[in-house]
Amino acid sequence: MFYCFERVGSLTCNNSRFCGFKEDEVRFYIALSMALILLFSSAIQAQSKIGYVDSKKIRDSYEAVRDAEKLLNEENRKWEQELSEKNRNLDKMEKELETYSLLLSNARKKERTDEISALHQEIQQFQKQVWGDAGQYFKKQEELLRPIYENIKVAVDEIADDRGLDIVFDSIEGNILFAKENMDITEDVIELLRRQSPKKKNTNRGR
């Protein structure tokens, strides 16, 4: 591929197709290209049926998501308690070293200092293993939520097929500035997921 950087007026040409054209001509061809792209996009949209969903509303309404997040929070609370215990031990060791520093021999003081340093590194490693990239928290989150999000995707696909939709956007992504209400399939997806959810037994019956 060859590039031409010939300067035409105040416009630098870096496209071999436009080299030799004047600035006004280059701008004309650019505007024409953009107009053709918009026209082509409009033609596609005119032939396609489009819908959209509010994925946040779906997640908030789906009981399976709430249950999974509850389990994840419970697991995370255990890790936080374990971290707190390690930090308490570290604080205790540091205070003891500070309190008895004058009474300890250099060898014993170094031994205590090495123990504190080792525990500090252990805490950092623990935090990385649990909350770092590909840590236990994110693996647990993936384990609990991925099947649920797959169910949501299947439900969206099913409603889209029933409605004869070609494209479904997610309004939470901020890529929808305006759409008619009849294009919103959020409630249909929520209702389908609700029907598919297993009924919970009423443990209060007979009390």
# chains A, B, ... in the order shown; residues from 1 in each chain; ligands from 1
>>> select_by_dssp(residues="segment 41-176 of chain A", states="helix (DSSP H, G or I)", output="MDAnalysis selection string")
chainID A and resid 41:47 55:61 63:103 106:131 136:163 171:173
>>> residues_around(residues="Ile116 of chain A", least_positions_apart="5", cutoff="8 Å", atoms="only C-alpha atoms", output="ChimeraX atom specification")
/A:90,93-94
>>> atom_distance(atom1="atom CA of Gly51 of chain A", atom2="atom CA of Leu193 of chain A")
17.9 Å
>>> residues_around(residues="segment 141-151 of chain A", least_positions_apart="6", cutoff="7 Å", atoms="only C-alpha atoms", output="PyMOL selection string")
chain A and resi 64-65+68+72
>>> write_last_selection(atoms="C-alpha atoms", output="CSV table (one decimal), in the first residue's frame")
chain,number,residue,atom,x,y,z
A,64,ALA,CA,-31.8,-16.3,40.7
A,65,VAL,CA,-29.4,-13.3,40.5
A,68,ALA,CA,-26.4,-16.0,43.6
A,72,LEU,CA,-21.3,-14.7,46.8
>>> atom_distance(atom1="atom CA of Lys78 of chain A", atom2="atom CA of Glu122 of chain A")
17.1 Å
>>> residues_around(residues="Phe169 of chain A", least_positions_apart="6", cutoff="10 Å", atoms="only C-alpha atoms", output="VMD selection string")
chain A and resid 50 to 55 175 to 176 183 to 184
>>> decode(residues="segment 185-199 of chain A", atoms="N, CA and C atoms", output="mmCIF file, in the first residue's frame")
data_model
loop_
_atom_site.group_PDB
_atom_site.id
_atom_site.type_symbol
_atom_site.label_atom_id
_atom_site.label_comp_id
_atom_site.auth_asym_id
_atom_site.auth_seq_id
_atom_site.Cartn_x
_atom_site.Cartn_y
_atom_site.Cartn_z
ATOM 1 N N ILE A 185 -38.697 -5.004 25.160
ATOM 2 C CA ILE A 185 -39.136 -6.375 25.467
ATOM 3 C C ILE A 185 -38.698 -6.793 26.874
ATOM 4 N N THR A 186 -38.302 -5.810 27.688
ATOM 5 C CA THR A 186 -37.792 -6.118 29.031
ATOM 6 C C THR A 186 -38.794 -6.898 29.862
ATOM 7 N N GLU A 187 -40.039 -6.400 29.942
ATOM 8 C CA GLU A 187 -41.047 -7.051 30.781
ATOM 9 C C GLU A 187 -41.372 -8.452 30.282
ATOM 10 N N ASP A 188 -41.347 -8.647 28.971
ATOM 11 C CA ASP A 188 -41.599 -9.985 28.419
ATOM 12 C C ASP A 188 -40.511 -10.965 28.857
ATOM 13 N N VAL A 189 -39.259 -10.485 28.850
ATOM 14 C CA VAL A 189 -38.145 -11.332 29.279
ATOM 15 C C VAL A 189 -38.265 -11.657 30.770
ATOM 16 N N ILE A 190 -38.597 -10.642 31.579
ATOM 17 C CA ILE A 190 -38.755 -10.851 33.030
ATOM 18 C C ILE A 190 -39.851 -11.864 33.310
ATOM 19 N N GLU A 191 -40.975 -11.752 32.616
ATOM 20 C CA GLU A 191 -42.096 -12.670 32.816
ATOM 21 C C GLU A 191 -41.712 -14.089 32.407
ATOM 22 N N LEU A 192 -40.983 -14.239 31.307
ATOM 23 C CA LEU A 192 -40.553 -15.561 30.865
ATOM 24 C C LEU A 192 -39.614 -16.196 31.887
ATOM 25 N N LEU A 193 -38.681 -15.423 32.397
ATOM 26 C CA LEU A 193 -37.756 -15.939 33.411
ATOM 27 C C LEU A 193 -38.508 -16.309 34.688
ATOM 28 N N ARG A 194 -39.525 -15.527 35.033
ATOM 29 C CA ARG A 194 -40.311 -15.817 36.233
ATOM 30 C C ARG A 194 -41.072 -17.134 36.077
ATOM 31 N N ARG A 195 -41.605 -17.378 34.892
ATOM 32 C CA ARG A 195 -42.333 -18.632 34.652
ATOM 33 C C ARG A 195 -41.398 -19.829 34.666
ATOM 34 N N GLN A 196 -40.163 -19.628 34.208
ATOM 35 C CA GLN A 196 -39.212 -20.726 34.124
ATOM 36 C C GLN A 196 -38.544 -21.038 35.460
ATOM 37 N N SER A 197 -38.604 -20.091 36.403
ATOM 38 C CA SER A 197 -37.944 -20.281 37.697
ATOM 39 C C SER A 197 -38.670 -21.346 38.501
ATOM 40 N N PRO A 198 -37.923 -22.242 39.144
ATOM 41 C CA PRO A 198 -38.569 -23.266 39.986
ATOM 42 C C PRO A 198 -39.253 -22.618 41.174
ATOM 43 N N LYS A 199 -40.423 -23.134 41.518
ATOM 44 C CA LYS A 199 -41.184 -22.598 42.641
ATOM 45 C C LYS A 199 -40.516 -23.012 43.952
#
